[in-house]
Amino acid sequence: MKEKILSVIEKNSKISIKDLAIVLGEPEEEVAKAIYEMESDKTICGYHTIINWDKTNREKVVALIEVRVTPQRGHGFDHIAERIYNFPEVDTVYLMSGAYDFCVMLEGKTLKQVSAFVSEKLSTLESVTSTATHFVLKKYKDHGTIMVSETNKKERQLITP
Amino acid sequence: MRNPLSDKVIDIKPSGIRKFFDLVVEMNDPNVISLGVGEPDFDTPWHIREEGIYSLEKGRTFYTSNAGLKELKEEISAYLERKCHVEYDPANEIMVTVGGSEAIDIAMRAMLNPGEEVIIPQPSYVSYQPCVVLADGVPVIINLQEKNEFKLTAEELEAAITPKTKILVLPFPNNPTGSIMTEEDLKPIAELCVKHDIFVISDEIYSELTYEYPHTSIASLPGMKERTVLINGFSKAYAMTGWRLGYACAPDVILHQMLKIHQFAIMCAPTTSQYAAVEALRNGNDDVAMMRESYNQRRRFLVHTFREMGLDCFEPFGAFYIFPSIKSLGMTSDEFAEELLKKEKVAVVPGTAFGDSGEGFLRISYAYSLEELKEATDRMARFVSWVRKEKNL
């Protein structure tokens, strides 16, 4: 049941527990209990909102930074990752296979703010050997949601057999 | 000037759906929410659309052979063996049609002689009866019962059989009731067909959309393949209504005559759609599973919500319709649907559009998002309490 719950709320976290129980055909108390358990053990890590900030007046700069590091004996990558992900301006940190080690995504108000973070905070970490910063020009799709589509009005007829 | 028209065509009643469609269109009100649509709300999965685009890029813009692309017929054959456990020879027993609708029409025309009877259980899809009439057959209607969850029973069938009966139309999973026929339900029907030497046109267009129970094709039961025309297509399973693509499978003696009509009237089904359909059958299984799960959730929501309104609603296990009863409100289906549209701006289809036995019922489609269904059912609940108050029920 837990996976069924997750597959529904992954796309619609606004659904009430009552409605969730109805659509899954399960008792409400059990659904509530399962959600509580998954929140407690961090299977469910949070409920966020996908926002297209381009539609607002708020200026935002999003950057993807490739980071190369020298792993530390005894700690591997995890220790360095922690030094990076603890910065609140950092949004996402992944350990990658291939040409670089960490993929770091962050949001800043201005280009300058992002550059400052990279040159003053990130590059100066002892294990970091190099960085490459890429700025996001346009978001087309985020978390499986297409952000650029027009109203997406269905062209179905109102009544069909 | 002399009468330019055929009496046979003039005598055919226009579809009850059409009348209601006009009513909704006349209102031209952006606040109308419709639960009256008989097609999926999903877009065709992208990989299928992409295959259609690719076929156009490659210049595959010519007729295919009359019966359809060889690869597609082979995929259909493999699919039916996998899903329905019935084997059809792609070279002689399968043809690709312009939707399931064409298959229904040409099956009737290929099989009927004037005066031969076709048994049609109702409520059911609107085209069976006119197709029988156009093929000079005589429709014999069975009014299915709510107490049987709108399944066809052996008793009902036996009572309708006469020496002139030639064909039984078997429309399950059913539009508009959502009713299905399980293997156990089909067995006595199949036995009667063998006993009375009747053919079956089995319209299985909703076969991928059954919940809790697997779909069974009557063609897979003993002695039935040789007397069944199995009709299916891509519209409902893969959300491909606009591509207009279906297929018919039948013993070669029947199929070759159907193919003759198809050859003269249609030539071949759309080429682009056929290439896209190959991709659908090869790689579309996960999409179908995703859509089925989504429909199932909405189905549970609607059955629950209508019962909460205090309306009788049997639990349907197929297609994407529920068929609640409004008999307790003392209104006809037409009255209810028209009043509901005027007062709360929700469009539903009166059960009577699918046959007289649909009186007292509404067809509610759940090919809508959960949010839309919630808004529409909130409005309907308000309307139902208003009716109860007005009538002191």
# chains A, B, ... in the order shown; residues from 1 in each chain; ligands from 1

$ residues_around --residues "segment 130-146 of chain B" --least-positions-apart "4" --cutoff "9 Å" --atoms "only C-alpha atoms" --output "PyMOL selection string"
chain B and resi 8-9+12-13+104-106+108-123+126+150-153+156-157+160-161+165+314+355-358

$ interface_residues --of "chain A" --to "chain B" --cutoff "7 Å" --atoms "only C-alpha atoms" --output "ChimeraX atom specification"
/A:22-25,158-161

$ write_last_selection --atoms "C-alpha atoms" --output "PDB file, in the first residue's frame"
ATOM      1  CA  ILE A  22     -11.156   6.611  -1.236  1.00  0.00           C
ATOM      2  CA  VAL A  23      -9.168   6.493  -4.472  1.00  0.00           C
ATOM      3  CA  LEU A  24      -6.994   3.660  -3.193  1.00  0.00           C
ATOM      4  CA  GLY A  25      -9.942   1.760  -1.704  1.00  0.00           C
ATOM      5  CA  LEU A 158     -17.939  18.335 -24.657  1.00  0.00           C
ATOM      6  CA  ILE A 159     -20.174  15.329 -25.255  1.00  0.00           C
ATOM      7  CA  THR A 160     -19.258  12.236 -27.255  1.00  0.00           C
ATOM      8  CA  PRO A 161     -20.730   8.723 -27.405  1.00  0.00           C
TER       9      PRO A 161
END

$ atom_distance --atom1 "atom CA of Trp243 of chain B" --atom2 "atom CA of Ile48 of chain B"
11.0 Å

$ select_by_dssp --residues "chain A" --states "strand (DSSP E)" --output "ChimeraX atom specification"
/A:61-69,90-95,102-108,128-135,141-142,145-146

$ residues_around --residues "Ile5 of chain A" --least-positions-apart "3" --cutoff "9 Å" --atoms "only C-alpha atoms" --output "JSON, numbers by chain"
{"A": [1, 2, 8, 9, 10, 20, 21, 24, 31, 34, 35]}

$ atom_distance --atom1 "atom CA of Leu281 of chain B" --atom2 "atom CA of Phe199 of chain B"
28.0 Å

$ residues_around --residues "segment 310-313 of chain B" --least-positions-apart "4" --cutoff "7 Å" --atoms "only C-alpha atoms" --output "list in words"
Val303, Phe306, Phe323, Pro324, Ser325 and Ile326 of chain B

$ select_by_dssp --residues "segment 208-384 of chain B" --states "helix (DSSP H, G or I)" --output "PyMOL selection string"
chain B and resi 218-220+225-227+241-243+252-265+271-283+285-308+327-329+333-344+351-354+356-358+370-384

$ closest_residue --among "A:Thr133, A:Lys4, A:Val118, A:Val67" --to "Val93 of chain A" --atoms "only C-alpha atoms"
A:Val67

$ closest_residue --among "B:Asp197, B:Glu191, B:Glu208, B:Asp252" --to "Val288 of chain B" --atoms "only C-alpha atoms"
B:Glu208

$ closest_residue --among "A:Thr43, A:Asn52, A:Asn86, A:Ser13" --to "Lys138 of chain A" --atoms "only C-alpha atoms"
A:Asn52

$ atom_distance --atom1 "atom CA of Asn28 of chain B" --atom2 "atom CA of Lys342 of chain B"
11.7 Å

$ closest_residue --among "B:Gly100, B:Pro30, B:Pro14, B:Gly318" --to "Pro173 of chain B" --atoms "only C-alpha atoms"
B:Gly318

$ decode --residues "segment 40-126 of chain A" --atoms "C-alpha atoms" --output "PDB file, in the first residue's frame"
ATOM      1  CA  SER A  40       8.960   9.404  10.365  1.00  0.00           C
ATOM      2  CA  ASP A  41      11.467   7.203   8.561  1.00  0.00           C
ATOM      3  CA  LYS A  42      12.119   9.891   5.912  1.00  0.00           C
ATOM      4  CA  THR A  43      10.729   7.859   3.027  1.00  0.00           C
ATOM      5  CA  ILE A  44       8.676  11.015   2.574  1.00  0.00           C
ATOM      6  CA  CYS A  45      11.224  13.824   2.958  1.00  0.00           C
ATOM      7  CA  GLY A  46       8.957  16.807   2.419  1.00  0.00           C
ATOM      8  CA  TYR A  47       6.096  18.364   0.476  1.00  0.00           C
ATOM      9  CA  HIS A  48       7.250  21.034  -1.949  1.00  0.00           C
ATOM     10  CA  THR A  49       5.582  23.149  -4.565  1.00  0.00           C
ATOM     11  CA  ILE A  50       6.777  23.376  -8.156  1.00  0.00           C
ATOM     12  CA  ILE A  51       6.851  27.067  -8.961  1.00  0.00           C
ATOM     13  CA  ASN A  52       7.543  28.744 -12.252  1.00  0.00           C
ATOM     14  CA  TRP A  53       9.325  31.806 -10.859  1.00  0.00           C
ATOM     15  CA  ASP A  54       9.560  33.288 -14.339  1.00  0.00           C
ATOM     16  CA  LYS A  55       5.889  34.166 -13.974  1.00  0.00           C
ATOM     17  CA  THR A  56       6.614  36.308 -10.937  1.00  0.00           C
ATOM     18  CA  ASN A  57       8.592  39.495 -10.384  1.00  0.00           C
ATOM     19  CA  ARG A  58      11.174  37.744  -8.275  1.00  0.00           C
ATOM     20  CA  GLU A  59      14.562  37.584  -9.997  1.00  0.00           C
ATOM     21  CA  LYS A  60      16.325  34.274  -9.639  1.00  0.00           C
ATOM     22  CA  VAL A  61      19.465  32.755 -11.021  1.00  0.00           C
ATOM     23  CA  VAL A  62      19.874  29.002 -11.065  1.00  0.00           C
ATOM     24  CA  ALA A  63      23.264  27.430 -11.633  1.00  0.00           C
ATOM     25  CA  LEU A  64      24.535  23.890 -12.092  1.00  0.00           C
ATOM     26  CA  ILE A  65      28.121  23.456 -10.918  1.00  0.00           C
ATOM     27  CA  GLU A  66      30.333  20.529 -11.766  1.00  0.00           C
ATOM     28  CA  VAL A  67      32.727  19.958  -8.889  1.00  0.00           C
ATOM     29  CA  ARG A  68      35.870  17.823  -8.940  1.00  0.00           C
ATOM     30  CA  VAL A  69      37.311  16.810  -5.581  1.00  0.00           C
ATOM     31  CA  THR A  70      39.988  14.650  -4.023  1.00  0.00           C
ATOM     32  CA  PRO A  71      38.225  12.102  -1.832  1.00  0.00           C
ATOM     33  CA  GLN A  72      39.518  11.901   1.707  1.00  0.00           C
ATOM     34  CA  ARG A  73      40.971   8.778   3.207  1.00  0.00           C
ATOM     35  CA  GLY A  74      38.528   7.147   5.610  1.00  0.00           C
ATOM     36  CA  HIS A  75      35.652   9.462   4.637  1.00  0.00           C
ATOM     37  CA  GLY A  76      35.357   8.990   0.888  1.00  0.00           C
ATOM     38  CA  PHE A  77      33.051  11.574  -0.655  1.00  0.00           C
ATOM     39  CA  ASP A  78      30.471  11.839   2.094  1.00  0.00           C
ATOM     40  CA  HIS A  79      32.426  14.220   4.254  1.00  0.00           C
ATOM     41  CA  ILE A  80      33.047  16.677   1.427  1.00  0.00           C
ATOM     42  CA  ALA A  81      29.411  16.374   0.354  1.00  0.00           C
ATOM     43  CA  GLU A  82      28.345  17.378   3.823  1.00  0.00           C
ATOM     44  CA  ARG A  83      30.545  20.479   3.698  1.00  0.00           C
ATOM     45  CA  ILE A  84      28.772  21.440   0.491  1.00  0.00           C
ATOM     46  CA  TYR A  85      25.146  20.537   1.231  1.00  0.00           C
ATOM     47  CA  ASN A  86      25.129  22.378   4.539  1.00  0.00           C
ATOM     48  CA  PHE A  87      25.223  25.711   2.725  1.00  0.00           C
ATOM     49  CA  PRO A  88      21.570  26.803   2.721  1.00  0.00           C
ATOM     50  CA  GLU A  89      21.857  28.331  -0.762  1.00  0.00           C
ATOM     51  CA  VAL A  90      22.694  24.896  -2.165  1.00  0.00           C
ATOM     52  CA  ASP A  91      19.580  23.227  -3.511  1.00  0.00           C
ATOM     53  CA  THR A  92      20.758  19.861  -4.772  1.00  0.00           C
ATOM     54  CA  VAL A  93      23.902  17.757  -4.396  1.00  0.00           C
ATOM     55  CA  TYR A  94      24.454  14.519  -6.310  1.00  0.00           C
ATOM     56  CA  LEU A  95      27.516  12.279  -6.432  1.00  0.00           C
ATOM     57  CA  MET A  96      28.070  11.439 -10.104  1.00  0.00           C
ATOM     58  CA  SER A  97      29.853   8.846 -12.156  1.00  0.00           C
ATOM     59  CA  GLY A  98      31.936  10.132 -15.056  1.00  0.00           C
ATOM     60  CA  ALA A  99      33.909  13.281 -15.727  1.00  0.00           C
ATOM     61  CA  TYR A 100      33.259  15.079 -12.454  1.00  0.00           C
ATOM     62  CA  ASP A 101      32.333  14.103  -8.897  1.00  0.00           C
ATOM     63  CA  PHE A 102      29.549  16.320  -7.569  1.00  0.00           C
ATOM     64  CA  CYS A 103      26.668  17.941  -9.357  1.00  0.00           C
ATOM     65  CA  VAL A 104      25.663  20.926  -7.257  1.00  0.00           C
ATOM     66  CA  MET A 105      22.637  23.077  -8.044  1.00  0.00           C
ATOM     67  CA  LEU A 106      21.982  26.338  -6.359  1.00  0.00           C
ATOM     68  CA  GLU A 107      19.792  29.383  -6.539  1.00  0.00           C
ATOM     69  CA  GLY A 108      20.896  32.948  -6.044  1.00  0.00           C
ATOM     70  CA  LYS A 109      19.329  36.361  -6.498  1.00  0.00           C
ATOM     71  CA  THR A 110      21.980  37.549  -8.966  1.00  0.00           C
ATOM     72  CA  LEU A 111      24.809  36.221 -11.091  1.00  0.00           C
ATOM     73  CA  LYS A 112      27.178  38.000  -8.790  1.00  0.00           C
ATOM     74  CA  GLN A 113      25.837  36.243  -5.737  1.00  0.00           C
ATOM     75  CA  VAL A 114      26.258  32.840  -7.379  1.00  0.00           C
ATOM     76  CA  SER A 115      29.808  33.653  -8.560  1.00  0.00           C
ATOM     77  CA  ALA A 116      30.697  34.823  -5.108  1.00  0.00           C
ATOM     78  CA  PHE A 117      29.509  31.555  -3.610  1.00  0.00           C
ATOM     79  CA  VAL A 118      31.549  29.544  -6.074  1.00  0.00           C
ATOM     80  CA  SER A 119      34.762  31.533  -5.789  1.00  0.00           C
ATOM     81  CA  GLU A 120      34.666  32.254  -2.079  1.00  0.00           C
ATOM     82  CA  LYS A 121      32.967  29.256  -0.508  1.00  0.00           C
ATOM     83  CA  LEU A 122      33.040  26.293  -2.861  1.00  0.00           C
ATOM     84  CA  SER A 123      36.435  26.576  -4.601  1.00  0.00           C
ATOM     85  CA  THR A 124      38.188  27.316  -1.370  1.00  0.00           C
ATOM     86  CA  LEU A 125      37.196  24.027   0.240  1.00  0.00           C
ATOM     87  CA  GLU A 126      40.348  22.030   0.726  1.00  0.00           C
TER      88      GLU A 126
END
